[in-house]
>>> print(open('upload.cif').read())   # mmCIF, C-alpha atoms
data_input
#
loop_
_atom_site.label_atom_id
_atom_site.label_comp_id
_atom_site.auth_asym_id
_atom_site.auth_seq_id
_atom_site.Cartn_x
_atom_site.Cartn_y
_atom_site.Cartn_z
CA MET A 1 0.00 0.00 0.00
CA LYS A 2 1.49 3.32 -1.09
CA HIS A 3 2.04 6.08 1.45
CA TRP A 4 1.14 9.49 0.05
CA PRO A 5 2.12 12.87 1.50
CA LEU A 6 -0.09 13.89 4.39
CA TRP A 7 0.36 17.52 3.36
CA ASP A 8 0.45 17.92 -0.42
CA ARG A 9 2.80 20.19 -2.34
CA ALA A 10 0.27 23.03 -2.56
CA VAL A 11 -0.24 23.10 1.21
CA ARG A 12 3.49 22.97 1.89
CA THR A 13 4.33 25.70 -0.62
CA ILE A 14 1.72 28.06 0.80
CA HIS A 15 2.71 27.18 4.37
CA TRP A 16 6.38 28.05 3.85
CA TYR A 17 5.53 31.17 1.86
CA PHE A 18 3.58 32.62 4.78
CA PRO A 19 6.53 33.27 7.15
CA VAL A 20 8.66 34.73 4.34
CA ALA A 21 5.89 37.03 3.10
CA ILE A 22 4.70 38.09 6.56
CA THR A 23 8.25 38.95 7.62
CA PHE A 24 8.81 40.96 4.46
CA MET A 25 5.44 42.65 4.84
CA TRP A 26 6.36 43.75 8.37
CA TRP A 27 9.81 44.97 7.28
CA SER A 28 8.56 46.88 4.25
CA GLY A 29 5.87 48.55 6.35
CA GLU A 30 8.38 49.60 8.99
CA GLU A 31 10.73 50.98 6.34
CA GLY A 32 7.96 52.87 4.54
CA LEU A 33 8.34 50.82 1.36
CA TYR A 34 4.62 50.86 0.75
CA GLU A 35 4.70 49.78 -2.88
CA TRP A 36 6.54 46.59 -1.92
CA HIS A 37 4.29 46.29 1.12
CA SER A 38 1.24 46.37 -1.14
CA TRP A 39 2.55 43.80 -3.60
CA VAL A 40 3.42 41.38 -0.81
CA GLY A 41 -0.03 41.98 0.67
CA TYR A 42 -1.62 41.11 -2.67
CA SER A 43 0.40 37.91 -2.85
CA LEU A 44 -0.68 36.96 0.67
CA ILE A 45 -4.33 37.48 -0.24
CA VAL A 46 -3.89 35.19 -3.24
CA ALA A 47 -2.02 32.57 -1.21
CA VAL A 48 -4.38 32.47 1.76
CA THR A 49 -7.52 32.52 -0.41
CA THR A 50 -6.09 29.64 -2.44
CA ARG A 51 -5.45 27.72 0.78
CA VAL A 52 -8.99 28.38 2.00
CA LEU A 53 -10.50 27.12 -1.27
CA TRP A 54 -8.07 24.20 -1.22
CA GLY A 55 -9.59 23.35 2.13
CA PHE A 56 -12.81 22.52 0.29
CA VAL A 57 -11.68 21.12 -3.09
CA GLY A 58 -8.10 20.02 -2.43
CA SER A 59 -6.52 16.77 -1.31
CA PRO A 60 -8.49 14.79 1.30
CA SER A 61 -6.00 15.52 4.09
CA ALA A 62 -5.93 19.23 3.18
CA ARG A 63 -9.67 19.71 3.55
CA PHE A 64 -11.06 21.41 6.62
CA SER A 65 -13.45 18.51 7.13
CA SER A 66 -10.44 16.26 7.81
CA PHE A 67 -9.00 18.29 10.69
CA ILE A 68 -11.68 20.59 12.12
CA ALA A 69 -12.77 18.87 15.31
CA ARG A 70 -15.96 19.33 17.29
CA PRO A 71 -15.72 21.32 20.55
CA THR A 72 -16.26 18.14 22.57
CA THR A 73 -13.30 16.50 20.80
CA VAL A 74 -11.09 19.54 21.48
CA LEU A 75 -12.12 19.54 25.15
CA ALA A 76 -11.36 15.82 25.46
CA TYR A 77 -7.94 16.39 23.89
CA VAL A 78 -7.19 19.21 26.33
CA ARG A 79 -8.17 16.91 29.18
CA GLY A 80 -5.63 14.35 28.04
CA ARG A 81 -7.30 12.04 25.55
CA PRO A 82 -4.59 10.80 23.12
CA PHE A 83 -4.82 11.95 19.53
CA THR A 84 -4.70 9.12 17.00
CA GLY A 85 -5.47 10.96 13.76
CA GLU A 86 -3.16 11.54 10.83
CA GLY A 87 -2.91 15.32 10.55
CA HIS A 88 -3.49 18.27 12.86
CA ASN A 89 -4.51 17.48 16.42
CA PRO A 90 -7.89 18.95 17.52
CA MET A 91 -6.31 22.17 18.80
CA GLY A 92 -3.89 22.45 15.88
CA GLY A 93 -6.73 22.28 13.39
CA TRP A 94 -8.50 25.26 14.91
CA ALA A 95 -5.19 27.12 15.27
CA THR A 96 -4.66 26.67 11.53
CA VAL A 97 -8.08 28.16 10.81
CA ALA A 98 -7.35 31.11 13.13
CA LEU A 99 -4.05 31.83 11.39
CA LEU A 100 -5.59 31.65 7.92
CA LEU A 101 -8.41 33.97 8.97
CA ALA A 102 -6.00 36.48 10.54
CA ILE A 103 -3.79 36.54 7.43
CA LEU A 104 -6.83 36.99 5.18
CA LEU A 105 -8.20 39.83 7.32
CA GLN A 106 -4.80 41.52 7.36
CA GLY A 107 -4.59 41.51 3.60
CA VAL A 108 -8.19 42.55 2.95
CA SER A 109 -8.17 45.34 5.54
CA GLY A 110 -5.02 46.72 3.91
CA LEU A 111 -6.86 47.07 0.60
CA PHE A 112 -9.30 49.54 2.15
CA SER A 113 -6.94 51.29 4.57
CA SER A 114 -5.46 54.79 4.61
CA ASP A 115 -3.21 56.48 7.15
CA ASP A 116 -4.05 59.92 5.68
CA VAL A 117 -0.32 60.57 5.21
CA MET A 118 1.78 58.03 3.33
CA PHE A 119 -0.39 55.07 2.42
CA GLU A 120 -3.68 54.56 0.61
CA GLY A 121 -5.01 51.10 -0.17
CA PRO A 122 -6.19 50.56 -3.75
CA LEU A 123 -9.81 50.13 -2.62
CA MET A 124 -9.78 52.97 -0.10
CA TYR A 125 -12.36 55.03 -1.99
CA TRP A 126 -14.72 52.09 -2.05
CA GLY A 127 -14.29 51.93 1.70
CA GLY A 128 -15.45 55.54 2.00
CA GLU A 129 -15.90 56.62 5.61
CA TRP A 130 -14.96 53.11 6.69
CA SER A 131 -11.35 53.50 5.54
CA GLY A 132 -10.35 54.73 8.99
CA PHE A 133 -11.98 51.67 10.56
CA PHE A 134 -10.12 49.36 8.17
CA ALA A 135 -6.84 51.13 8.96
CA GLU A 136 -7.43 50.70 12.69
CA TRP A 137 -8.37 47.08 12.23
CA HIS A 138 -5.24 46.58 10.10
CA GLU A 139 -3.17 47.62 13.14
CA ILE A 140 -5.19 45.60 15.67
CA ASN A 141 -5.23 42.51 13.50
CA TRP A 142 -1.46 42.77 13.05
CA LEU A 143 -1.05 42.48 16.82
CA LEU A 144 -3.40 39.49 16.85
CA LEU A 145 -1.49 37.89 14.00
CA GLN A 146 1.78 38.28 15.89
CA VAL A 147 0.26 36.58 18.94
CA LEU A 148 -0.97 33.69 16.80
CA VAL A 149 2.44 33.32 15.14
CA VAL A 150 4.20 33.21 18.52
CA MET A 151 1.70 30.62 19.80
CA HIS A 152 2.26 28.59 16.63
CA LEU A 153 6.04 28.65 17.13
CA LEU A 154 5.74 27.70 20.80
CA ALA A 155 3.46 24.78 19.96
CA LEU A 156 5.84 23.69 17.21
CA THR A 157 8.80 23.82 19.58
CA TYR A 158 6.89 21.81 22.19
CA HIS A 159 5.93 19.05 19.76
CA GLN A 160 9.28 19.03 17.95
CA LEU A 161 11.62 19.03 20.96
CA TYR A 162 9.60 17.77 23.94
CA ARG A 163 7.31 15.24 22.30
CA LYS A 164 9.86 14.32 19.61
CA GLU A 165 7.36 14.68 16.79
CA PRO A 166 9.16 15.63 13.54
CA LEU A 167 6.64 18.26 12.45
CA LEU A 168 9.22 20.34 10.58
CA GLY A 169 10.24 17.35 8.50
CA ALA A 170 6.64 16.38 7.92
CA MET A 171 5.74 19.85 6.66
CA TRP A 172 8.86 20.01 4.47
CA TRP A 173 8.62 16.56 2.89
CA GLY A 174 4.89 16.08 3.33
CA LYS A 175 5.21 12.91 5.36
CA THR A 176 7.39 10.93 7.75
CA ALA A 177 7.67 7.24 8.56
CA ASN A 178 4.67 7.47 10.88
CA ARG A 179 2.75 10.40 9.39
CA PHE A 180 1.34 9.89 5.92
CA SER A 181 -1.89 9.66 3.97
CA LEU A 182 -3.41 6.66 2.24
CA SER A 183 -5.24 8.89 -0.23
CA LYS A 184 -3.63 10.22 -3.41
CA PRO A 185 -3.28 14.03 -3.28
CA LYS A 186 -4.85 16.35 -5.82
CA THR A 187 -2.57 17.64 -8.56
CA THR A 188 -0.65 20.83 -7.79
CA SER A 189 -1.69 22.28 -11.14
CA LEU A 190 -5.25 22.59 -9.83
CA ALA A 191 -4.06 24.71 -6.90
CA LEU A 192 -1.99 26.81 -9.31
CA ALA A 193 -5.04 27.34 -11.53
CA ILE A 194 -7.06 28.47 -8.51
CA ALA A 195 -4.29 30.89 -7.52
CA LEU A 196 -4.13 32.34 -11.04
CA VAL A 197 -7.90 32.89 -11.13
CA ILE A 198 -7.82 34.61 -7.73
CA ALA A 199 -4.87 36.77 -8.81
CA GLY A 200 -6.74 37.75 -11.98
CA LEU A 201 -9.88 38.66 -10.07
CA LEU A 202 -7.87 40.70 -7.56
CA TYR A 203 -6.10 42.53 -10.37
CA LEU A 204 -9.44 43.27 -12.05
CA LEU A 205 -10.90 44.51 -8.77
CA ILE A 206 -7.97 46.86 -8.15
CA THR A 207 -8.06 48.08 -11.76
CA LEU A 208 -11.77 48.92 -11.54
CA ALA A 209 -11.46 50.64 -8.16
CA PRO A 210 -12.10 54.41 -8.14
CA GLN A 211 -8.98 56.54 -8.11
CA ALA A 212 -8.12 59.55 -5.97
CA PRO A 213 -9.97 62.77 -6.89
CA SER A 214 -8.11 65.02 -9.34
CA TYR A 215 -7.43 67.67 -6.71
CA TYR A 216 -5.31 65.26 -4.64
#
>>> encode(input="upload.cif", output="structure tokens")
Amino acid sequence: MKHWPLWDRAVRTIHWYFPVAITFMWWSGEEGLYEWHSWVGYSLIVAVTTRVLWGFVGSPSARFSSFIARPTTVLAYVRGRPFTGEGHNPMGGWATVALLLAILLQGVSGLFSSDDVMFEGPLMYWGGEWSGFFAEWHEINWLLLQVLVVMHLLALTYHQLYRKEPLLGAMWWGKTANRFSLSKPKTTSLALAIALVIAGLLYLLITLAPQAPSYY
């Protein structure tokens, strides 16, 4: 019986892109490189939206239905019930959803944000009076995203070093000797096609967005 990757190539590529892009997004924002900041933000929106859709149409082990546990299951896990599944444990599954949601909100809020000085999101004029709200949420959500990233790293360190679970290797190669899937993953070209469609729609949306008034 063939052992397939538990996390397919699309999931792994998006997963490893997140820390690179988020770090660059933070650095470019701090340095005032807003054009680069915007482009990285666009790429994050495409990547996280692709991952969300992949959670419904992607490989069996990549689908939310395979790792989103019921509250009673999460509570039992917290109380000490051993986890015997293939992928994310009950808490890890919900942590994944929280991270994806935070990244998506960070990117979308940036589209509508304005600091009234140096930066205007491409959809700011569609946001109207709400642009200030989106800008404030962009800042608040960034703090939340940092907290989630730190919690993710702490959990990874705990499982990798204390419990001796090779999560880094599993996410890099897709599987280990004891962590694999029995189902064949979906082709990566499907995920790429989804990403290209999302990128095209985002480009069209930004192109059609109203521009700054002529007196600006």
>>> atom_distance(input="upload.cif", atom1="atom CA of Gly128 of chain A", atom2="atom CA of Leu201 of chain A")
21.5 Å
>>> resolve_selection(input="upload.cif", expression="the PyMOL selection byres ((chain A and resi 173) around 10)", output="VMD selection string")
chain A and resid 5 to 9 12 167 to 172 174 to 176
>>> residues_around(input="upload.cif", residues="Ser189 of chain A", least_positions_apart="4", cutoff="12 Å", atoms="all atoms listed in the file", output="PyMOL selection string")
chain A and resi 8-10+54+58+185+193-196
>>> resolve_selection(input="upload.cif", expression="the PyMOL selection byres ((chain A and resi 24-33) around 12)", output="JSON, numbers by chain")
{"A": [17, 18, 19, 20, 21, 22, 23, 34, 35, 36, 37, 38, 39, 40, 41, 42, 43, 44, 103, 106, 107, 110, 117, 118, 119, 138, 139, 142, 143, 145, 146]}
>>> write_last_selection(input="upload.cif", atoms="C-alpha atoms", output="short mmCIF file (atom, residue, chain, number, x, y, z; two decimals), in the frame of the given file")
data_model
loop_
_atom_site.label_atom_id
_atom_site.label_comp_id
_atom_site.auth_asym_id
_atom_site.auth_seq_id
_atom_site.Cartn_x
_atom_site.Cartn_y
_atom_site.Cartn_z
CA TYR A 17 5.53 31.17 1.86
CA PHE A 18 3.58 32.62 4.78
CA PRO A 19 6.53 33.27 7.15
CA VAL A 20 8.66 34.73 4.34
CA ALA A 21 5.89 37.03 3.10
CA ILE A 22 4.70 38.09 6.56
CA THR A 23 8.25 38.95 7.62
CA TYR A 34 4.62 50.86 0.75
CA GLU A 35 4.70 49.78 -2.88
CA TRP A 36 6.54 46.59 -1.92
CA HIS A 37 4.29 46.29 1.12
CA SER A 38 1.24 46.37 -1.14
CA TRP A 39 2.55 43.80 -3.60
CA VAL A 40 3.42 41.38 -0.81
CA GLY A 41 -0.03 41.98 0.67
CA TYR A 42 -1.62 41.11 -2.67
CA SER A 43 0.40 37.91 -2.85
CA LEU A 44 -0.68 36.96 0.67
CA ILE A 103 -3.79 36.54 7.43
CA GLN A 106 -4.80 41.52 7.36
CA GLY A 107 -4.59 41.51 3.60
CA GLY A 110 -5.02 46.72 3.91
CA VAL A 117 -0.32 60.57 5.21
CA MET A 118 1.78 58.03 3.33
CA PHE A 119 -0.39 55.07 2.42
CA HIS A 138 -5.24 46.58 10.10
CA GLU A 139 -3.17 47.62 13.14
CA TRP A 142 -1.46 42.77 13.05
CA LEU A 143 -1.05 42.48 16.82
CA LEU A 145 -1.49 37.89 14.00
CA GLN A 146 1.78 38.28 15.89
#
>>> resolve_selection(input="upload.cif", expression="the PyMOL selection byres ((chain A and resi 71-76) around 12)", output="list in words")
Phe67, Ile68, Ala69, Arg70, Tyr77, Val78, Arg79, Gly80, Arg81, Pro82, Phe83, Thr84, Gly85, His88, Asn89, Pro90, Met91, Gly92, Gly93, Trp94 and Ala95 of chain A
>>> write_last_selection(input="upload.cif", atoms="C-alpha atoms", output="PDB file, in the frame of the given file")
ATOM      1  CA  PHE A  67      -9.000  18.290  10.690  1.00  0.00           C
ATOM      2  CA  ILE A  68     -11.680  20.590  12.120  1.00  0.00           C
ATOM      3  CA  ALA A  69     -12.770  18.870  15.310  1.00  0.00           C
ATOM      4  CA  ARG A  70     -15.960  19.330  17.290  1.00  0.00           C
ATOM      5  CA  TYR A  77      -7.940  16.390  23.890  1.00  0.00           C
ATOM      6  CA  VAL A  78      -7.190  19.210  26.330  1.00  0.00           C
ATOM      7  CA  ARG A  79      -8.170  16.910  29.180  1.00  0.00           C
ATOM      8  CA  GLY A  80      -5.630  14.350  28.040  1.00  0.00           C
ATOM      9  CA  ARG A  81      -7.300  12.040  25.550  1.00  0.00           C
ATOM     10  CA  PRO A  82      -4.590  10.800  23.120  1.00  0.00           C
ATOM     11  CA  PHE A  83      -4.820  11.950  19.530  1.00  0.00           C
ATOM     12  CA  THR A  84      -4.700   9.120  17.000  1.00  0.00           C
ATOM     13  CA  GLY A  85      -5.470  10.960  13.760  1.00  0.00           C
ATOM     14  CA  HIS A  88      -3.490  18.270  12.860  1.00  0.00           C
ATOM     15  CA  ASN A  89      -4.510  17.480  16.420  1.00  0.00           C
ATOM     16  CA  PRO A  90      -7.890  18.950  17.520  1.00  0.00           C
ATOM     17  CA  MET A  91      -6.310  22.170  18.800  1.00  0.00           C
ATOM     18  CA  GLY A  92      -3.890  22.450  15.880  1.00  0.00           C
ATOM     19  CA  GLY A  93      -6.730  22.280  13.390  1.00  0.00           C
ATOM     20  CA  TRP A  94      -8.500  25.260  14.910  1.00  0.00           C
ATOM     21  CA  ALA A  95      -5.190  27.120  15.270  1.00  0.00           C
TER      22      ALA A  95
END
>>> atom_distance(input="upload.cif", atom1="atom CA of Phe56 of chain A", atom2="atom CA of Leu204 of chain A")
24.4 Å
>>> closest_residue(input="upload.cif", among="A:Leu111, A:Leu156, A:Ser183, A:Ala177", to="Ile206 of chain A", atoms="only C-alpha atoms")
A:Leu111
>>> residues_around(input="upload.cif", residues="Leu123 of chain A", least_positions_apart="5", cutoff="9 Å", atoms="only C-alpha atoms", output="list in words")
Gly110, Leu111, Phe112, Ser113, Ser131, Leu205, Ile206, Ala209, Pro210 and Gln211 of chain A
>>> closest_residue(input="upload.cif", among="A:Leu153, A:Leu161, A:Leu192, A:Leu105", to="Ala135 of chain A", atoms="only C-alpha atoms")
A:Leu105
>>> atom_distance(input="upload.cif", atom1="atom CA of Ile45 of chain A", atom2="atom CA of Val108 of chain A")
7.1 Å
>>> closest_residue(input="upload.cif", among="A:Leu99, A:Leu182, A:Leu208, A:Ala47", to="Val150 of chain A", atoms="all atoms listed in the file")
A:Leu99
>>> axis_aligned_box(input="upload.cif", around="segment 174-184 of chain A", padding_each_side="3 Å", output="lines of an AutoDock Vina configuration file")
center_x = 1.2
center_y = 11.4
center_z = 3.7
size_x = 18.9
size_y = 15.4
size_z = 20.3
